[in-house]
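K.L.:
Handing you this structure, nothing more for now.
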Amino acid sequence: MASLITNYIHHIKHGQTHADPLDKFLNHAERVWANSDVLIVPSDKGNKTVLIQADEYRRKMQDMVGDQTTYRLVQRDPTSRNQTLNNNLVKRLLDLKLIDIRTARTLKTYKAVCPRIYGQPKAHKEGLPLRPVVPNMTAPSYNLSKYVGQIIQKSINSPYNIKDSFSFCHFINEVELPPDYVLISLDVKSLFTSIPIPLIQHDIIMRWNEIMPHTNINLDLFLELVNFCVGSSYFVYDRKYYEQVFGTAMGNPLSPIVADLIMESLLDTTMHKLDFKPPFIRKYVDDLITAIPLEKLQHILDVFNSYDVHIQFTHELEVNNKLPFLDMFLVRQDNQRIKTEWYMKPIASGRFLDFLSYHPMSMKLNVAKNFISRVYRLPTNQSDEEKANIIDNQLRLNHYPAHLRHRLINRMTEHHQSPSITSADEDQQQQTPPVRTWNILTGQWSTYLISRAESKGS
């Protein structure tokens, strides 16, 4: 909120009248703040802001930390004890010459502070449940967890992982499904807090041959480090201290890495139990995408959900030959090939770095260009005109002025459109190259000349 006020003052000082929308927002916020029973918190997804009754928030948080299968109330702050355990483990590594002095200094801590849990409302789910987040940056084991996580991460050479949306888009557009196969996505319910520590230990032991080349720590000591980093998750809420007794904490840097390890082992195991062979399967964290014969839906759910009683999957089938995944709609064609279209979740606010924000212009332009690149490269089933309209709408939502929106969109089309050149214009065009652009206002293509100096300057 401080940044909003700073931006507002900045624009007023420079006599810019487009700060009016912020005026309305600040007036609304003033009315909200006057009501001490309302909290303003960020949503779990969609980059939205949620207004929630303070009593409701506290009740949901109390219900969450009161779940005795996941958390345990302790009498005193565990920070000092965990800090001592952390530093003793680091000292053992140093004494055994498994790490150097510089690394030991990085892994030790003497000023740890108990993390504070907070809840992010899941605005896309009925009842507005909270996702527990424990920022572990101040916890004693934070740096040691990062160190252990980096070792495990180096050992994971996954055939299933999706590097990014662009690589997945390139892959999926080359896929041709067998006849009568449909697209399906699978998602784990609350993966981080559903992972049993014994399962982590089991998978590390089973994959030790892949992990071992990346560390000189022996297996027993490595398991001790993992147990400490995962098992020392704790936090304070409402002046009471809690320890996490099951699962991994969202906020622990080791959590996403061991989750990836668990999902790798799960896929390796379940693929051999299916009575059919999926044409492909890819994962992004805990989201899986594949294709199956429709009659095999219950079979694949039974196989995946039988891997561990705590790790359970939900599913989503394609509707009208379309299935959302990452930033795309996967569209199954009549010939069983897959094309992609731009997709934003219904809960997405569409907000990114606002043009009225008090940031360098170069940063704003880079954010806009990256967004434009994604919209232009990811959809393969939409025309340039449709992409241009998507870009224009989102940039306008973030207060980018019309002339800048058009210039950015025109630059995008310059690289993908080849204007016709006549011999009469050849000499002139060597100095002032023509540019063919899509005009959002008129809905037509137009060609104009731009000087080489202006081209460099823009």
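Please note that chains go A, B, ... in the order of the structure tokens, that every chain numbers its residues from 1, and that ligands are numbered from 1 in the order shown.
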Taking the DSSP secondary structure from the backbone, can you list the residues of range 96-315 of chain A that are strand (DSSP E), as a PyMOL selection string?

P.N.:
chain A and resi 118-121+130-133+181-188+234-237+240-244+281-284+287-293+313-315

K.L.:
Keeping only C-alpha atoms, write those residues as an mmCIF file, in the first residue's frame.

P.N.:
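In the end it all went to again_18.cif:
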data_model
loop_
_atom_site.group_PDB
_atom_site.id
_atom_site.type_symbol
_atom_site.label_atom_id
_atom_site.label_comp_id
_atom_site.auth_asym_id
_atom_site.auth_seq_id
_atom_site.Cartn_x
_atom_site.Cartn_y
_atom_site.Cartn_z
ATOM 1 C CA TYR A 118 -0.182 -16.645 7.515
ATOM 2 C CA GLY A 119 -2.996 -17.820 5.292
ATOM 3 C CA GLN A 120 -3.633 -16.919 1.656
ATOM 4 C CA PRO A 121 -7.312 -17.149 0.682
ATOM 5 C CA LEU A 130 -6.775 -20.605 3.389
ATOM 6 C CA ARG A 131 -3.457 -21.944 2.169
ATOM 7 C CA PRO A 132 -0.903 -22.029 5.018
ATOM 8 C CA VAL A 133 2.389 -20.269 4.219
ATOM 9 C CA TYR A 181 -8.002 -40.697 -26.665
ATOM 10 C CA VAL A 182 -8.943 -37.562 -24.702
ATOM 11 C CA LEU A 183 -6.889 -35.073 -22.707
ATOM 12 C CA ILE A 184 -6.864 -35.198 -18.908
ATOM 13 C CA SER A 185 -5.029 -33.291 -16.175
ATOM 14 C CA LEU A 186 -4.345 -34.667 -12.689
ATOM 15 C CA ASP A 187 -3.617 -32.554 -9.634
ATOM 16 C CA VAL A 188 -2.500 -33.557 -6.119
ATOM 17 C CA TYR A 234 7.608 -24.637 13.175
ATOM 18 C CA PHE A 235 5.948 -21.231 13.473
ATOM 19 C CA VAL A 236 4.160 -18.818 15.739
ATOM 20 C CA TYR A 237 0.523 -17.783 15.447
ATOM 21 C CA LYS A 240 1.440 -19.540 20.386
ATOM 22 C CA TYR A 241 4.120 -21.839 19.006
ATOM 23 C CA TYR A 242 3.431 -24.837 16.800
ATOM 24 C CA GLU A 243 5.516 -27.575 15.230
ATOM 25 C CA GLN A 244 4.551 -29.317 12.004
ATOM 26 C CA ILE A 281 2.761 -37.614 -19.688
ATOM 27 C CA ARG A 282 4.289 -34.383 -18.403
ATOM 28 C CA LYS A 283 4.289 -32.685 -15.029
ATOM 29 C CA TYR A 284 4.661 -29.164 -13.732
ATOM 30 C CA ASP A 287 0.064 -30.874 -12.116
ATOM 31 C CA LEU A 288 0.097 -33.748 -14.604
ATOM 32 C CA ILE A 289 -1.098 -33.709 -18.182
ATOM 33 C CA THR A 290 -1.687 -36.800 -20.321
ATOM 34 C CA ALA A 291 -4.198 -38.485 -22.629
ATOM 35 C CA ILE A 292 -6.246 -41.616 -22.003
ATOM 36 C CA PRO A 293 -9.084 -43.658 -23.489
ATOM 37 C CA PHE A 313 -5.387 -36.820 -7.045
ATOM 38 C CA THR A 314 -8.250 -34.870 -8.527
ATOM 39 C CA HIS A 315 -8.792 -34.750 -12.282
#

K.L.:
Residues within 8 Å of Thr193 in chain A, please, as a list in words. Count only C-alpha atoms; anything in the same chain fewer than 4 positions from it doesn't count.

P.N.:
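Non-adjacent residues within range: Thr70, Phe246, Gly247, Thr248, Ala249 and Met250 of chain A.
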
K.L.:
Name all residues at most 10 Å from Gln336 in chain A (count only C-alpha atoms; drop same-chain ones fewer than 6 positions away) and give them as an MDAnalysis selection string.

P.N.:
chainID A and resid 175:182 321

K.L.:
Write out as a list in words the residues lying within 12 Å of Ile156 in chain A, counting only C-alpha atoms and excluding same-chain residues fewer than 3 positions away.

P.N.:
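In the requested format, the answer is Gly149, Gln150, Ile151, Ile152, Gln153, Pro159, Tyr160, Asn161, Asp203, Ile204, Arg207, Trp208, Asn209, Glu210, Ile211, Met212, Pro213, His214, Ile257, Val258, Ala259, Asp260, Leu261, Ile262, Met263, Glu264 and Ser265 of chain A.
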
K.L.:
Applying 8 Å and only C-alpha atoms, which residues near Trp342 in chain A remain after dropping the ones on its own chain fewer than 6 positions away? List them as a short mmCIF file (atom, residue, chain, number, x, y, z; two decimals) with N, CA, C and O atoms, in the first residue's frame.

P.N.:
data_model
loop_
_atom_site.label_atom_id
_atom_site.label_comp_id
_atom_site.auth_asym_id
_atom_site.auth_seq_id
_atom_site.Cartn_x
_atom_site.Cartn_y
_atom_site.Cartn_z
N ASP A 327 -0.47 -21.67 -19.31
CA ASP A 327 -1.07 -20.45 -19.89
C ASP A 327 -1.83 -20.76 -21.17
O ASP A 327 -2.07 -19.85 -21.96
N MET A 328 -2.23 -22.00 -21.36
CA MET A 328 -2.78 -22.38 -22.65
C MET A 328 -4.04 -23.22 -22.51
O MET A 328 -4.22 -23.93 -21.53
N PHE A 329 -4.89 -23.10 -23.50
CA PHE A 329 -5.93 -24.08 -23.77
C PHE A 329 -5.33 -25.09 -24.74
O PHE A 329 -4.85 -24.72 -25.82
N VAL A 375 2.16 -14.14 -25.32
CA VAL A 375 0.88 -14.20 -26.03
C VAL A 375 1.11 -14.53 -27.51
O VAL A 375 0.31 -15.25 -28.12
N LEU A 378 2.85 -18.56 -27.61
CA LEU A 378 2.19 -19.75 -27.07
C LEU A 378 0.97 -20.20 -27.87
O LEU A 378 0.80 -21.40 -28.09
N PRO A 379 0.07 -19.32 -28.29
CA PRO A 379 -1.09 -19.80 -29.05
C PRO A 379 -0.71 -20.15 -30.49
O PRO A 379 -0.06 -19.36 -31.18
#

K.L.:
Give the alpha helix (DSSP H) residues of range 186-331 of chain A, as DSSP finds them on the backbone, and put them as a PyMOL selection string.

P.N.:
chain A and resi 197-206+208-211+219-231+255-271+297-305

K.L.:
Write a file of the just-selected residues containing C-alpha atoms, as a PDB file, in the first residue's frame.

P.N.:
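The resulting file, again08.pdb, is shown below:
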ATOM      1  CA  ILE A 197       8.659 -37.998   5.916  1.00  0.00           C
ATOM      2  CA  PRO A 198       9.201 -41.804   5.710  1.00  0.00           C
ATOM      3  CA  LEU A 199       8.291 -41.601   2.012  1.00  0.00           C
ATOM      4  CA  ILE A 200      10.963 -38.916   1.519  1.00  0.00           C
ATOM      5  CA  GLN A 201      13.518 -41.133   3.242  1.00  0.00           C
ATOM      6  CA  HIS A 202      12.496 -44.118   1.126  1.00  0.00           C
ATOM      7  CA  ASP A 203      12.844 -42.242  -2.154  1.00  0.00           C
ATOM      8  CA  ILE A 204      16.242 -40.801  -1.206  1.00  0.00           C
ATOM      9  CA  ILE A 205      17.502 -44.298  -0.381  1.00  0.00           C
ATOM     10  CA  MET A 206      16.100 -45.694  -3.643  1.00  0.00           C
ATOM     11  CA  TRP A 208      20.931 -42.662  -3.728  1.00  0.00           C
ATOM     12  CA  ASN A 209      22.935 -43.827  -6.755  1.00  0.00           C
ATOM     13  CA  GLU A 210      21.791 -40.673  -8.583  1.00  0.00           C
ATOM     14  CA  ILE A 211      22.288 -38.374  -5.576  1.00  0.00           C
ATOM     15  CA  LEU A 219      23.757 -41.754   3.079  1.00  0.00           C
ATOM     16  CA  ASP A 220      23.159 -41.948   6.843  1.00  0.00           C
ATOM     17  CA  LEU A 221      24.316 -38.402   7.480  1.00  0.00           C
ATOM     18  CA  PHE A 222      22.433 -37.113   4.441  1.00  0.00           C
ATOM     19  CA  LEU A 223      19.208 -38.660   5.716  1.00  0.00           C
ATOM     20  CA  GLU A 224      19.853 -37.048   9.098  1.00  0.00           C
ATOM     21  CA  LEU A 225      20.186 -33.653   7.397  1.00  0.00           C
ATOM     22  CA  VAL A 226      16.966 -34.170   5.431  1.00  0.00           C
ATOM     23  CA  ASN A 227      15.065 -35.293   8.522  1.00  0.00           C
ATOM     24  CA  PHE A 228      16.196 -32.215  10.413  1.00  0.00           C
ATOM     25  CA  CYS A 229      15.430 -29.764   7.602  1.00  0.00           C
ATOM     26  CA  VAL A 230      11.968 -31.199   6.957  1.00  0.00           C
ATOM     27  CA  GLY A 231      11.130 -32.080  10.562  1.00  0.00           C
ATOM     28  CA  SER A 255       9.777 -28.630   0.133  1.00  0.00           C
ATOM     29  CA  PRO A 256       9.384 -28.143  -3.654  1.00  0.00           C
ATOM     30  CA  ILE A 257      12.479 -30.247  -4.322  1.00  0.00           C
ATOM     31  CA  VAL A 258      11.442 -33.251  -2.234  1.00  0.00           C
ATOM     32  CA  ALA A 259       7.948 -32.886  -3.730  1.00  0.00           C
ATOM     33  CA  ASP A 260       9.508 -33.153  -7.186  1.00  0.00           C
ATOM     34  CA  LEU A 261      11.447 -36.213  -6.019  1.00  0.00           C
ATOM     35  CA  ILE A 262       8.262 -37.836  -4.711  1.00  0.00           C
ATOM     36  CA  MET A 263       6.394 -37.133  -7.946  1.00  0.00           C
ATOM     37  CA  GLU A 264       9.242 -38.638  -9.983  1.00  0.00           C
ATOM     38  CA  SER A 265       9.079 -41.873  -8.007  1.00  0.00           C
ATOM     39  CA  LEU A 266       5.289 -41.881  -8.187  1.00  0.00           C
ATOM     40  CA  LEU A 267       5.309 -41.610 -11.979  1.00  0.00           C
ATOM     41  CA  ASP A 268       8.043 -44.223 -12.392  1.00  0.00           C
ATOM     42  CA  THR A 269       5.957 -46.641 -10.304  1.00  0.00           C
ATOM     43  CA  THR A 270       2.468 -45.927 -11.641  1.00  0.00           C
ATOM     44  CA  MET A 271       3.452 -45.993 -15.319  1.00  0.00           C
ATOM     45  CA  LEU A 297     -10.554 -42.753 -16.320  1.00  0.00           C
ATOM     46  CA  GLN A 298     -11.359 -44.684 -13.148  1.00  0.00           C
ATOM     47  CA  HIS A 299      -8.461 -47.053 -13.727  1.00  0.00           C
ATOM     48  CA  ILE A 300      -5.851 -44.283 -13.882  1.00  0.00           C
ATOM     49  CA  LEU A 301      -7.312 -42.592 -10.793  1.00  0.00           C
ATOM     50  CA  ASP A 302      -7.235 -45.870  -8.867  1.00  0.00           C
ATOM     51  CA  VAL A 303      -3.612 -46.523  -9.835  1.00  0.00           C
ATOM     52  CA  PHE A 304      -2.379 -43.028  -8.965  1.00  0.00           C
ATOM     53  CA  ASN A 305      -4.341 -42.801  -5.718  1.00  0.00           C
TER      54      ASN A 305
END
